[in-house]
$ cat query-v5.txt   # compact mmCIF, C-alpha atoms
# COMPACT_ATOMS: atom_id res chain seq x y z
CA MET A 1 0.00 0.00 0.00
CA PRO A 2 1.31 3.52 -0.75
CA ARG A 3 2.72 5.31 2.28
CA ASP A 4 0.32 7.67 4.02
CA GLU A 5 2.54 10.73 3.68
CA GLU A 6 0.00 12.92 5.44
CA ARG A 7 0.07 10.69 8.52
CA ILE A 8 3.83 10.27 8.38
CA GLY A 9 4.33 14.04 8.37
CA ARG A 10 2.11 14.51 11.42
CA ILE A 11 3.96 11.83 13.40
CA GLN A 12 7.35 13.26 12.44
CA GLN A 13 6.22 16.67 13.66
CA VAL A 14 5.39 15.24 17.10
CA LEU A 15 8.75 13.44 17.31
CA SER A 16 10.71 16.50 16.24
CA SER A 17 8.90 18.95 18.52
CA ASN A 18 9.51 16.68 21.54
CA ASN A 19 13.05 15.67 20.50
CA TRP A 20 12.11 11.99 20.61
CA ASN A 21 14.06 9.48 18.54
CA ALA A 22 11.17 7.10 17.97
CA LEU A 23 7.69 5.95 18.99
CA VAL A 24 7.19 2.31 19.94
CA CYS A 25 3.55 1.17 20.16
CA THR A 26 1.74 -2.10 20.78
CA LEU A 27 -1.96 -1.17 21.10
CA PRO A 28 -3.61 -2.18 17.79
CA GLU A 29 -5.09 1.30 17.24
CA ASN A 30 -1.63 2.84 17.60
CA VAL A 31 0.07 0.19 15.47
CA LEU A 32 -2.52 1.14 12.84
CA LEU A 33 -1.71 4.81 13.37
CA LEU A 34 2.05 4.26 12.89
CA SER A 35 1.98 1.72 10.06
CA GLY A 36 -1.44 1.48 8.40
CA TYR A 37 -1.82 -2.11 9.64
CA TRP A 38 -4.57 -3.17 12.06
CA PRO A 39 -3.27 -6.20 14.04
CA VAL A 40 -5.48 -9.23 14.54
CA ILE A 41 -4.11 -10.78 17.72
CA GLY A 42 -2.70 -7.68 19.39
CA SER A 43 0.91 -8.85 19.77
CA SER A 44 2.33 -6.67 16.97
CA VAL A 45 4.78 -3.85 17.62
CA ALA A 46 5.26 -0.72 15.49
CA MET A 47 8.35 1.48 15.66
CA PHE A 48 8.35 4.85 13.96
CA GLN A 49 11.63 6.80 13.73
CA ARG A 50 11.98 10.56 13.64
CA GLU A 51 13.42 10.29 10.12
CA GLY A 52 10.09 8.86 8.95
CA ALA A 53 10.79 5.13 8.72
CA ALA A 54 8.10 2.77 10.03
CA ILE A 55 9.03 -0.78 11.03
CA LEU A 56 6.37 -3.35 11.83
CA LEU A 57 6.96 -6.44 13.96
CA VAL A 58 4.18 -9.05 13.66
CA PRO A 59 3.58 -12.74 14.40
CA ASP A 60 4.67 -14.81 11.42
CA ASP A 61 1.10 -15.81 10.57
CA GLU A 62 0.08 -12.13 10.19
CA ARG A 63 2.74 -11.23 7.62
CA GLU A 64 0.40 -11.42 4.63
CA LEU A 65 -2.19 -9.19 6.30
CA ALA A 66 0.49 -6.78 7.49
CA GLN A 67 1.42 -6.10 3.88
CA GLN A 68 -1.90 -4.23 3.59
CA GLY A 69 -0.33 -1.45 5.66
CA TRP A 70 2.31 1.05 4.57
CA ALA A 71 5.24 0.17 6.86
CA ASP A 72 8.67 0.44 5.24
CA GLU A 73 9.72 -2.91 6.65
CA ILE A 74 7.92 -5.90 8.13
CA ARG A 75 9.68 -8.26 10.53
CA THR A 76 8.13 -11.39 11.99
CA PHE A 77 8.59 -13.48 15.11
CA GLU A 78 7.46 -17.01 15.82
CA SER A 79 4.10 -16.89 17.54
CA GLY A 80 4.16 -20.48 18.72
CA SER A 81 6.68 -23.31 18.63
CA LEU A 82 7.10 -26.88 19.85
CA SER A 83 10.89 -26.49 20.00
CA ASP A 84 10.87 -23.94 22.82
CA LEU A 85 8.46 -22.40 25.31
CA LYS A 86 8.60 -18.62 25.16
CA THR A 87 6.09 -15.99 26.07
CA THR A 88 4.92 -13.50 23.45
CA SER A 89 6.87 -10.76 25.22
CA GLU A 90 10.07 -12.81 25.14
CA SER A 91 9.69 -13.46 21.40
CA ALA A 92 8.96 -9.79 20.73
CA CYS A 93 11.94 -8.77 22.88
CA GLU A 94 14.35 -10.83 20.76
CA ALA A 95 12.93 -9.46 17.51
CA LEU A 96 13.09 -5.88 18.82
CA GLY A 97 16.74 -6.45 19.71
CA GLU A 98 17.48 -7.32 16.09
CA ILE A 99 15.72 -4.16 14.94
CA ARG A 100 17.70 -2.09 17.46
CA ASP A 101 21.01 -3.41 16.13
CA GLN A 102 19.95 -2.68 12.54
CA LEU A 103 18.77 0.87 13.25
CA ARG A 104 21.74 1.82 15.39
CA LEU A 105 19.69 4.17 17.50
CA PRO A 106 21.76 6.30 19.89
CA ALA A 107 22.24 4.54 23.22
CA ALA A 108 20.63 7.45 25.06
CA SER A 109 17.59 7.58 22.76
CA ILE A 110 14.29 9.01 23.92
CA LEU A 111 11.46 6.65 23.10
CA GLY A 112 7.77 7.44 23.35
CA PHE A 113 5.41 4.63 24.34
CA GLU A 114 1.82 4.08 25.51
CA GLY A 115 1.58 4.77 29.21
CA SER A 116 -2.13 5.00 29.92
CA SER A 117 -5.35 3.03 29.64
CA SER A 118 -7.27 2.80 26.39
CA PHE A 119 -10.45 1.45 24.86
CA GLU A 120 -9.54 -1.10 22.20
CA PRO A 121 -11.99 -2.43 19.60
CA SER A 122 -12.11 -6.20 19.26
CA SER A 123 -10.37 -7.70 16.25
CA TYR A 124 -10.53 -11.36 17.26
CA ALA A 125 -12.15 -13.68 19.81
CA SER A 126 -9.15 -13.25 22.10
CA ASN A 127 -6.62 -10.42 22.04
CA PHE A 128 -3.16 -10.22 23.55
CA GLY A 129 -2.06 -7.06 25.32
CA PHE A 130 1.46 -6.25 26.45
CA GLY A 131 0.14 -3.97 29.18
CA ALA A 132 2.72 -2.72 31.67
CA GLU A 133 5.13 -5.41 30.47
CA ILE A 134 6.00 -3.28 27.44
CA GLN A 135 8.11 -1.10 29.74
CA THR A 136 10.05 -4.18 30.82
CA VAL A 137 10.54 -5.25 27.21
CA LEU A 138 11.73 -1.81 26.14
CA GLY A 139 13.98 -1.56 29.19
CA ARG A 140 15.71 -4.80 28.19
CA VAL A 141 16.09 -3.89 24.53
CA PHE A 142 17.06 -0.24 25.14
CA PRO A 143 18.69 -0.35 28.60
CA VAL A 144 19.94 3.25 28.68
CA ALA A 145 17.15 4.86 26.67
CA THR A 146 14.71 7.28 28.26
CA LEU A 147 11.10 6.08 28.08
CA VAL A 148 8.42 8.79 27.99
CA ASP A 149 4.66 8.45 28.08
CA ALA A 150 3.41 9.48 24.63
CA ALA A 151 -0.26 8.62 25.27
CA GLU A 152 -1.49 12.23 25.15
CA HIS A 153 0.29 12.88 21.84
CA LEU A 154 -0.96 9.60 20.36
CA ASN A 155 -4.49 10.46 21.45
CA ARG A 156 -4.17 13.81 19.70
CA LEU A 157 -2.74 12.23 16.53
CA ARG A 158 -5.72 9.86 16.34
CA SER A 159 -8.24 12.68 16.74
CA ALA A 160 -7.91 13.90 13.12
CA ALA A 161 -8.06 11.49 10.19
CA THR A 162 -5.90 11.74 7.10
CA SER A 163 -7.45 11.61 3.63
CA ARG A 164 -6.65 7.91 3.38
CA GLU A 165 -8.13 7.15 6.80
CA LEU A 166 -11.24 9.19 6.10
CA GLY A 167 -11.72 7.18 2.91
CA LEU A 168 -11.80 3.98 4.95
CA ILE A 169 -14.28 5.52 7.41
CA ARG A 170 -16.52 6.57 4.52
CA ARG A 171 -16.38 3.01 3.21
CA ALA A 172 -17.31 1.65 6.65
CA CYS A 173 -20.25 4.09 6.78
CA HIS A 174 -21.41 2.92 3.35
CA ILE A 175 -21.28 -0.68 4.56
CA ALA A 176 -23.48 0.31 7.50
CA ARG A 177 -25.91 2.14 5.22
CA ASN A 178 -26.47 -0.92 3.06
CA ALA A 179 -26.90 -3.12 6.13
CA PHE A 180 -29.38 -0.78 7.86
CA VAL A 181 -31.51 -0.26 4.74
CA THR A 182 -31.63 -3.98 3.97
CA THR A 183 -32.32 -4.99 7.57
CA SER A 184 -35.01 -2.41 8.31
CA ALA A 185 -36.98 -3.54 5.27
CA SER A 186 -37.26 -7.00 6.87
CA ILE A 187 -38.28 -6.01 10.41
CA GLU A 188 -41.72 -7.21 11.45
CA ALA A 189 -43.67 -7.42 14.69
CA GLY A 190 -42.98 -10.74 16.40
CA MET A 191 -39.31 -10.91 15.46
CA ARG A 192 -36.97 -11.26 18.42
CA GLU A 193 -34.22 -8.80 19.18
CA TRP A 194 -31.55 -11.40 18.50
CA ASP A 195 -33.08 -12.20 15.08
CA ILE A 196 -32.93 -8.53 14.08
CA ALA A 197 -29.38 -8.07 15.42
CA ALA A 198 -28.25 -11.25 13.64
CA LEU A 199 -29.75 -9.99 10.39
CA LEU A 200 -27.93 -6.66 10.67
CA ARG A 201 -24.72 -8.47 11.58
CA SER A 202 -25.07 -10.74 8.56
CA ASN A 203 -25.62 -7.79 6.24
CA LEU A 204 -22.51 -6.08 7.63
CA GLY A 205 -20.47 -9.24 7.06
CA ALA A 206 -21.56 -9.37 3.43
CA ALA A 207 -19.20 -6.44 2.80
CA GLN A 208 -16.07 -8.49 3.53
CA THR A 209 -13.57 -8.28 0.67
CA ASP A 210 -10.25 -9.95 -0.04
CA ASP A 211 -8.29 -6.71 -0.11
CA THR A 212 -9.50 -5.08 3.12
CA ARG A 213 -11.01 -6.45 6.33
CA CYS A 214 -14.54 -5.03 6.48
CA ASP A 215 -17.27 -6.18 8.85
CA GLY A 216 -18.95 -5.05 12.05
CA PHE A 217 -20.85 -5.74 15.24
CA ALA A 218 -24.53 -5.14 15.98
CA TYR A 219 -27.11 -5.18 18.73
CA CYS A 220 -30.86 -4.59 19.00
CA MET A 221 -32.85 -3.34 22.01
CA SER A 222 -36.62 -2.92 21.85
CA GLY A 223 -39.51 -1.61 23.92
CA PRO A 224 -38.57 -1.08 27.60
CA ASN A 225 -35.17 -2.67 26.93
CA SER A 226 -34.23 0.22 24.66
CA ALA A 227 -34.53 2.61 27.62
CA GLN A 228 -31.31 1.03 28.91
CA ALA A 229 -29.31 1.82 25.77
CA PHE A 230 -27.49 4.69 27.52
CA ALA A 231 -25.58 2.21 29.71
CA ALA A 232 -21.92 1.35 29.25
CA PHE A 233 -22.91 -2.19 28.29
CA GLN A 234 -25.81 -2.74 25.91
CA HIS A 235 -26.94 -6.16 24.79
CA THR A 236 -29.46 -7.97 22.62
CA ARG A 237 -32.08 -10.14 24.32
CA SER A 238 -34.81 -12.58 23.33
CA ARG A 239 -37.69 -10.11 23.58
CA ALA A 240 -40.17 -10.15 20.68
CA VAL A 241 -40.86 -6.69 19.23
CA LYS A 242 -44.40 -5.36 19.11
CA GLU A 243 -46.21 -2.66 17.19
CA GLY A 244 -45.56 0.70 18.82
CA ASP A 245 -42.18 -0.35 20.25
CA PHE A 246 -39.00 1.58 19.76
CA ILE A 247 -36.59 -0.79 17.99
CA LEU A 248 -33.12 0.60 18.65
CA LEU A 249 -30.64 -0.91 16.22
CA HIS A 250 -26.94 -0.15 16.59
CA CYS A 251 -23.84 -1.08 14.64
CA ASN A 252 -20.10 -0.54 14.73
CA SER A 253 -18.89 -1.30 11.22
CA TYR A 254 -15.23 -1.22 10.30
CA CYS A 255 -12.99 -1.17 7.26
CA GLY A 256 -9.23 -1.61 7.48
CA GLY A 257 -9.27 -0.96 11.22
CA LEU A 258 -11.23 2.32 11.01
CA TRP A 259 -14.59 2.24 12.77
CA THR A 260 -18.06 3.76 12.87
CA ASP A 261 -20.62 4.23 15.65
CA ILE A 262 -24.14 4.39 14.20
CA THR A 263 -27.65 3.96 15.62
CA ARG A 264 -31.08 4.07 14.01
CA THR A 265 -34.28 3.66 16.01
CA PHE A 266 -37.30 2.32 14.17
CA CYS A 267 -40.93 1.98 15.19
CA ILE A 268 -43.89 0.07 13.75
CA ARG A 269 -46.98 2.31 13.84
CA PRO A 270 -45.77 4.54 16.70
CA PRO A 271 -48.23 6.03 19.18
CA ASP A 272 -48.36 9.82 19.34
CA SER A 273 -46.04 9.89 22.37
CA HIS A 274 -43.34 7.99 20.45
CA ALA A 275 -43.83 10.10 17.33
CA ALA A 276 -43.19 13.23 19.38
CA ILE A 277 -39.94 11.76 20.70
CA ILE A 278 -38.83 10.85 17.18
CA ASP A 279 -39.48 14.43 16.06
CA ALA A 280 -37.51 15.85 18.99
CA VAL A 281 -34.48 13.59 18.57
CA LEU A 282 -34.28 14.17 14.81
CA GLU A 283 -34.50 17.93 15.32
CA ALA A 284 -31.75 17.75 17.96
CA SER A 285 -29.57 15.78 15.57
CA GLN A 286 -30.09 18.25 12.73
CA LYS A 287 -29.42 21.23 15.00
CA ALA A 288 -26.18 19.80 16.36
CA ILE A 289 -24.85 18.90 12.91
CA SER A 290 -25.77 22.34 11.56
CA VAL A 291 -23.44 24.17 13.99
CA ILE A 292 -20.37 21.99 13.41
CA ARG A 293 -17.41 23.80 11.88
CA PRO A 294 -13.73 24.40 12.66
CA GLY A 295 -13.11 26.76 15.55
CA ILE A 296 -16.19 26.16 17.70
CA THR A 297 -16.05 24.25 20.96
CA ALA A 298 -17.32 20.72 21.39
CA ALA A 299 -19.58 22.04 24.17
CA ALA A 300 -21.36 24.26 21.63
CA VAL A 301 -22.35 21.17 19.62
CA ASP A 302 -23.62 19.45 22.75
CA ASP A 303 -25.55 22.57 23.72
CA ALA A 304 -27.24 22.68 20.32
CA SER A 305 -28.70 19.19 20.64
CA ARG A 306 -29.38 19.38 24.37
CA GLY A 307 -31.14 22.73 23.95
CA VAL A 308 -33.65 21.24 21.51
CA LEU A 309 -34.46 18.29 23.77
CA THR A 310 -34.73 20.51 26.84
CA ALA A 311 -37.11 22.87 25.05
CA ARG A 312 -39.29 19.93 24.10
CA GLY A 313 -39.37 18.64 27.67
CA TYR A 314 -36.91 15.75 27.29
CA GLY A 315 -33.77 17.34 28.72
CA LYS A 316 -33.50 15.01 31.74
CA ALA A 317 -34.08 11.99 29.50
CA PHE A 318 -30.92 12.75 27.47
CA ARG A 319 -28.55 10.90 29.77
CA HIS A 320 -25.18 11.03 28.04
CA ALA A 321 -22.94 13.38 26.08
CA THR A 322 -23.79 14.20 22.47
CA GLY A 323 -20.75 12.41 21.07
CA HIS A 324 -17.08 11.47 21.08
CA GLY A 325 -14.26 10.83 18.67
CA VAL A 326 -14.70 7.78 16.43
CA GLY A 327 -12.35 6.18 13.92
CA PHE A 328 -9.42 4.42 15.52
CA ALA A 329 -11.83 3.09 18.13
CA ALA A 330 -15.48 2.15 17.85
CA ILE A 331 -16.68 3.38 21.25
CA ASN A 332 -14.24 5.43 23.31
CA HIS A 333 -15.91 8.18 25.32
CA ASN A 334 -12.48 9.62 26.15
CA ALA A 335 -11.51 10.05 22.49
CA PRO A 336 -11.30 13.70 21.41
CA PRO A 337 -13.25 15.62 20.51
CA ARG A 338 -15.55 14.87 23.45
CA ILE A 339 -18.91 16.41 22.56
CA HIS A 340 -19.76 17.07 26.20
CA PRO A 341 -21.44 19.97 28.03
CA LEU A 342 -18.15 20.85 29.77
CA SER A 343 -15.74 20.21 26.89
CA GLN A 344 -13.81 23.25 25.69
CA GLU A 345 -11.99 21.25 23.03
CA VAL A 346 -11.95 23.19 19.78
CA LEU A 347 -13.06 21.44 16.62
CA GLU A 348 -10.48 21.16 13.85
CA SER A 349 -10.62 20.06 10.24
CA GLY A 350 -10.16 16.31 9.98
CA MET A 351 -11.84 15.44 13.27
CA VAL A 352 -14.33 12.57 13.00
CA PHE A 353 -16.93 11.92 15.67
CA ASN A 354 -20.50 10.81 16.27
CA VAL A 355 -23.55 12.92 17.08
CA GLU A 356 -26.02 10.89 19.14
CA PRO A 357 -28.88 12.83 20.78
CA ALA A 358 -31.28 10.49 22.54
CA VAL A 359 -34.27 10.18 24.85
CA TYR A 360 -34.49 7.31 27.35
CA ILE A 361 -37.68 6.86 29.40
CA PRO A 362 -37.61 3.96 31.91
CA GLY A 363 -40.31 1.38 31.34
CA VAL A 364 -41.22 2.94 27.98
CA GLY A 365 -38.24 2.91 25.65
CA GLY A 366 -35.33 4.76 24.15
CA MET A 367 -34.87 6.65 20.89
CA ARG A 368 -31.33 7.46 19.65
CA GLN A 369 -30.18 8.81 16.31
CA CYS A 370 -26.41 8.39 16.05
CA ASN A 371 -24.70 9.82 12.97
CA MET A 372 -21.04 10.03 11.92
CA VAL A 373 -19.60 13.40 10.88
CA ALA A 374 -16.25 14.76 9.70
CA VAL A 375 -15.17 18.35 10.25
CA ASN A 376 -13.76 20.01 7.13
CA GLU A 377 -12.69 23.52 6.17
CA GLY A 378 -16.14 24.25 4.79
CA GLY A 379 -17.94 23.07 7.92
CA VAL A 380 -19.05 19.46 8.19
CA GLU A 381 -19.55 16.34 6.09
CA LEU A 382 -22.37 14.06 7.14
CA LEU A 383 -20.90 10.59 6.65
CA THR A 384 -24.20 8.81 7.28
CA PRO A 385 -26.77 10.50 4.99
CA PHE A 386 -29.42 7.80 5.28
CA GLN A 387 -32.53 7.15 7.38
CA ASN A 388 -32.46 10.61 8.92
CA LEU A 389 -36.11 11.32 8.14
CA LYS A 390 -39.09 10.33 10.27
CA SER A 391 -40.71 8.62 7.29
CA GLU A 392 -37.68 6.34 6.96
CA LEU A 393 -37.77 5.29 10.61
CA ILE A 394 -41.47 4.44 10.81
CA LEU A 395 -41.99 0.90 9.53
CA LYS A 396 -45.17 -0.35 7.92
$ encode --input "query-v5.txt" --output "structure tokens"
Amino acid sequence: MPRDEERIGRIQQVLSSNNWNALVCTLPENVLLLSGYWPVIGSSVAMFQREGAAILLVPDDERELAQQGWADEIRTFESGSLSDLKTTSESACEALGEIRDQLRLPAASILGFEGSSSFEPSSYASNFGFGAEIQTVLGRVFPVATLVDAAEHLNRLRSAATSRELGLIRRACHIARNAFVTTSASIEAGMREWDIAALLRSNLGAAQTDDTRCDGFAYCMSGPNSAQAFAAFQHTRSRAVKEGDFILLHCNSYCGGLWTDITRTFCIRPPDSHAAIIDAVLEASQKAISVIRPGITAAAVDDASRGVLTARGYGKAFRHATGHGVGFAAINHNAPPRIHPLSQEVLESGMVFNVEPAVYIPGVGGMRQCNMVAVNEGGVELLTPFQNLKSELILK
């Protein structure tokens, strides 16, 4: 894959301004950031030098997939052997030592690494994480180097997508669009939540291609269950949907390691009370998106959506922030820009995030409209221009 020169330039700027010799990262989202490759198992290591060279260290069975990235060099280590019994960290340590000798980094190098917690989207049934052990590994390989926590800078780098990365996010949004449109046409009263979620999941999986890993996750919550969709953990159950229920359908699609966060809430013949909530949430969504542009604060976007819902009498039922950064992670409420009532973060061109005004009424149901947007010099690009009208959300 061609090198992402836009991304490379941004990383080099961080290294130069901090006088760091290199960044060494193991979290899949940061390996993706530094090399264009999204690891499967989580045991890969990416090293990016101040001069602009990116070296990728992956398990031997990920080499073919790693070639989809733009690293200058790919090294492998044995991920499992019957001839010896090594931990993943020990194998990575040996391979990093070989890279160190090749690069001839100054003995007193300054190396940035990940030193804080992070949300990490799932790429496999089980993922490896170096955790705090990465400091031990780096200490062994670079015994006199200075290790500095680069988490804040990495977080900032991930907050604005490059043209290449935005292209992958657009593709992931298109995958979601096709899946939502196809799935909603098949929803009927009597179907169970897990049937609807499985159908959406299947339609997301239909987008898988040989050249790029594209797929997604999905859940469905209906009726009173949908009132719990503001929680940190949301899950599909066996409840059968009925006429008049809110049917909250959510997906996190991905393409090449770049993610979306999208929700549509449908209803079969809604009662007047539900129709009023749909009107309010859609108006809040439109208002928030209309004010997005470079230079305004994230709090101003939250205020736009929250103001509409408060004016319509649903302010207390909007129980979470209006949005958060999306792209390198599917759901990370700490990812900038945080579209929160207290956030003074300033929006910049290239930032990608979700806008998700919602109303949750215990015992009744929840309505959320979650769109993906990208800030650009002209204002905003709506990345999810589908099913944003009331007529598209009311099912026959």
$ atom_distance --input "query-v5.txt" --atom1 "CA of Cys255 (chain A)" --atom2 "CA of Leu23 (chain A)"
24.8 Å
$ residues_around --input "query-v5.txt" --residues "Ala229 (chain A)" --least-positions-apart "6" --cutoff "10 Å" --atoms "only C-alpha atoms" --output "MDAnalysis selection string"
chainID A and resid 220:222 235 248 250 319 358:360 365:368
$ write_last_selection --input "query-v5.txt" --atoms "C-alpha atoms" --output "compact mmCIF listing (two decimals), in the coordinates of the input"
# COMPACT_ATOMS: atom_id res chain seq x y z
CA CYS A 220 -30.86 -4.59 19.00
CA MET A 221 -32.85 -3.34 22.01
CA SER A 222 -36.62 -2.92 21.85
CA HIS A 235 -26.94 -6.16 24.79
CA LEU A 248 -33.12 0.60 18.65
CA HIS A 250 -26.94 -0.15 16.59
CA ARG A 319 -28.55 10.90 29.77
CA ALA A 358 -31.28 10.49 22.54
CA VAL A 359 -34.27 10.18 24.85
CA TYR A 360 -34.49 7.31 27.35
CA GLY A 365 -38.24 2.91 25.65
CA GLY A 366 -35.33 4.76 24.15
CA MET A 367 -34.87 6.65 20.89
CA ARG A 368 -31.33 7.46 19.65
$ closest_residue --input "query-v5.txt" --among "A:Pro337, A:Gly52, A:Gly315, A:Pro270" --to "Arg7 (chain A)" --atoms "only C-alpha atoms"
A:Gly52
$ closest_residue --input "query-v5.txt" --among "A:Thr263, A:Ser43, A:Ser202, A:Thr26" --to "Gln135 (chain A)" --atoms "only C-alpha atoms"
A:Thr26
$ residues_around --input "query-v5.txt" --residues "region 62-69 of chain A" --least-positions-apart "2" --cutoff "7 Å" --atoms "all atoms listed in the file" --output "PDB file with C-alpha atoms, in the frame of the given file"
ATOM      1  CA  MET A   1       0.000   0.000   0.000  1.00  0.00           C
ATOM      2  CA  SER A  35       1.980   1.720  10.060  1.00  0.00           C
ATOM      3  CA  GLY A  36      -1.440   1.480   8.400  1.00  0.00           C
ATOM      4  CA  TYR A  37      -1.820  -2.110   9.640  1.00  0.00           C
ATOM      5  CA  VAL A  58       4.180  -9.050  13.660  1.00  0.00           C
ATOM      6  CA  PRO A  59       3.580 -12.740  14.400  1.00  0.00           C
ATOM      7  CA  ASP A  60       4.670 -14.810  11.420  1.00  0.00           C
ATOM      8  CA  ALA A  71       5.240   0.170   6.860  1.00  0.00           C
ATOM      9  CA  THR A  76       8.130 -11.390  11.990  1.00  0.00           C
TER      10      THR A  76
END
$ closest_residue --input "query-v5.txt" --among "A:Leu282, A:Leu347, A:Ala197, A:Leu157" --to "Ile247 (chain A)" --atoms "only C-alpha atoms"
A:Ala197
$ atom_distance --input "query-v5.txt" --atom1 "CA of Leu393 (chain A)" --atom2 "CA of Val301 (chain A)"
23.9 Å
$ residues_around --input "query-v5.txt" --residues "Phe119 (chain A)" --least-positions-apart "4" --cutoff "12 Å" --atoms "only C-alpha atoms" --output "PyMOL selection string"
chain A and resi 27-30+129+155+325-326+328-335
$ closest_residue --input "query-v5.txt" --among "A:Phe217, A:Arg177, A:Leu199, A:Ser253" --to "Pro385 (chain A)" --atoms "all atoms listed in the file"
A:Arg177
$ closest_atom_pairs --input "query-v5.txt" --of "region 124-146 of chain A" --to "region 88-107 of chain A" --cutoff "8 Å" --atoms "only C-alpha atoms" --output "CSV"
residue,atom,partner,partner_atom,distance
A:Phe130,CA,A:Ser89,CA,7.1
A:Glu133,CA,A:Ser89,CA,7.7
A:Ile134,CA,A:Ser89,CA,7.9
A:Val137,CA,A:Cys93,CA,5.8
A:Leu138,CA,A:Cys93,CA,7.7
A:Arg140,CA,A:Cys93,CA,7.6
A:Val141,CA,A:Gly97,CA,5.5
A:Phe142,CA,A:Ala107,CA,7.3
A:Val144,CA,A:Ala107,CA,6.1
A:Ala145,CA,A:Ala107,CA,6.2
$ write_last_selection --input "query-v5.txt" --atoms "C-alpha atoms" --output "PDB file, in the frame of the given file"
ATOM      1  CA  PHE A 130       1.460  -6.250  26.450  1.00  0.00           C
ATOM      2  CA  GLU A 133       5.130  -5.410  30.470  1.00  0.00           C
ATOM      3  CA  ILE A 134       6.000  -3.280  27.440  1.00  0.00           C
ATOM      4  CA  VAL A 137      10.540  -5.250  27.210  1.00  0.00           C
ATOM      5  CA  LEU A 138      11.730  -1.810  26.140  1.00  0.00           C
ATOM      6  CA  ARG A 140      15.710  -4.800  28.190  1.00  0.00           C
ATOM      7  CA  VAL A 141      16.090  -3.890  24.530  1.00  0.00           C
ATOM      8  CA  PHE A 142      17.060  -0.240  25.140  1.00  0.00           C
ATOM      9  CA  VAL A 144      19.940   3.250  28.680  1.00  0.00           C
ATOM     10  CA  ALA A 145      17.150   4.860  26.670  1.00  0.00           C
TER      11      ALA A 145
END
$ axis_aligned_box --input "query-v5.txt" --around "region 36-51 of chain A" --padding-each-side "8 Å" --output "AutoDock Vina command-line options"
--center_x 4.0 --center_y -0.1 --center_z 14.1 --size_x 34.9 --size_y 37.3 --size_z 27.4
$ atom_distance --input "query-v5.txt" --atom1 "CA of Ser290 (chain A)" --atom2 "CA of Leu249 (chain A)"
24.2 Å
$ residues_near_point --input "query-v5.txt" --point "(-11.6, 12.4, 11.4)" --cutoff "8 Å" --atoms "all atoms listed in the file" --output "list in words"
Ser159, Ala160, Ala161, Thr162, Glu165, Leu166, Gly325, Val326, Gly327, Ser349, Gly350, Met351, Val352, Phe353, Ala374 and Val375 of chain A
$ closest_residue --input "query-v5.txt" --among "A:Ile278, A:Val291, A:Ala298, A:Gln228" --to "Pro362 (chain A)" --atoms "only C-alpha atoms"
A:Gln228
$ closest_residue --input "query-v5.txt" --among "A:Glu5, A:Glu283, A:Glu392, A:Asp261" --to "Cys370 (chain A)" --atoms "all atoms listed in the file"
A:Asp261
$ residues_around --input "query-v5.txt" --residues "Arg338 (chain A)" --least-positions-apart "6" --cutoff "9 Å" --atoms "all atoms listed in the file" --output "ChimeraX atom specification"
/A:298-299,321-325,344-345,353
$ residues_around --input "query-v5.txt" --residues "Tyr124 (chain A)" --least-positions-apart "3" --cutoff "8 Å" --atoms "all atoms listed in the file" --output "VMD selection string"
chain A and resid 40 to 41 127
$ build_atoms --input "query-v5.txt" --residues "region 14-24 of chain A" --atoms "N, CA and C atoms" --output "mmCIF file, in the coordinates of the input"
data_model
loop_
_atom_site.group_PDB
_atom_site.id
_atom_site.type_symbol
_atom_site.label_atom_id
_atom_site.label_comp_id
_atom_site.auth_asym_id
_atom_site.auth_seq_id
_atom_site.Cartn_x
_atom_site.Cartn_y
_atom_site.Cartn_z
ATOM 1 N N VAL A 14 5.444 15.502 15.658
ATOM 2 C CA VAL A 14 5.390 15.240 17.100
ATOM 3 C C VAL A 14 6.757 14.809 17.617
ATOM 4 N N LEU A 15 7.429 13.915 16.881
ATOM 5 C CA LEU A 15 8.750 13.440 17.310
ATOM 6 C C LEU A 15 9.755 14.587 17.342
ATOM 7 N N SER A 16 9.747 15.408 16.322
ATOM 8 C CA SER A 16 10.710 16.500 16.240
ATOM 9 C C SER A 16 10.471 17.541 17.332
ATOM 10 N N SER A 17 9.197 17.910 17.543
ATOM 11 C CA SER A 17 8.900 18.950 18.520
ATOM 12 C C SER A 17 9.210 18.508 19.947
ATOM 13 N N ASN A 18 9.205 17.197 20.204
ATOM 14 C CA ASN A 18 9.510 16.680 21.540
ATOM 15 C C ASN A 18 10.940 16.145 21.658
ATOM 16 N N ASN A 19 11.673 16.183 20.526
ATOM 17 C CA ASN A 19 13.050 15.670 20.500
ATOM 18 C C ASN A 19 13.099 14.192 20.873
ATOM 19 N N TRP A 20 12.114 13.439 20.395
ATOM 20 C CA TRP A 20 12.110 11.990 20.610
ATOM 21 C C TRP A 20 12.745 11.319 19.400
ATOM 22 N N ASN A 21 13.450 10.220 19.639
ATOM 23 C CA ASN A 21 14.060 9.480 18.540
ATOM 24 C C ASN A 21 13.071 8.563 17.834
ATOM 25 N N ALA A 22 12.116 8.039 18.573
ATOM 26 C CA ALA A 22 11.170 7.100 17.970
ATOM 27 C C ALA A 22 9.951 6.925 18.869
ATOM 28 N N LEU A 23 8.872 6.421 18.266
ATOM 29 C CA LEU A 23 7.690 5.950 18.990
ATOM 30 C C LEU A 23 7.642 4.440 18.865
ATOM 31 N N VAL A 24 7.352 3.760 19.962
ATOM 32 C CA VAL A 24 7.190 2.310 19.940
ATOM 33 C C VAL A 24 5.822 1.986 20.529
#
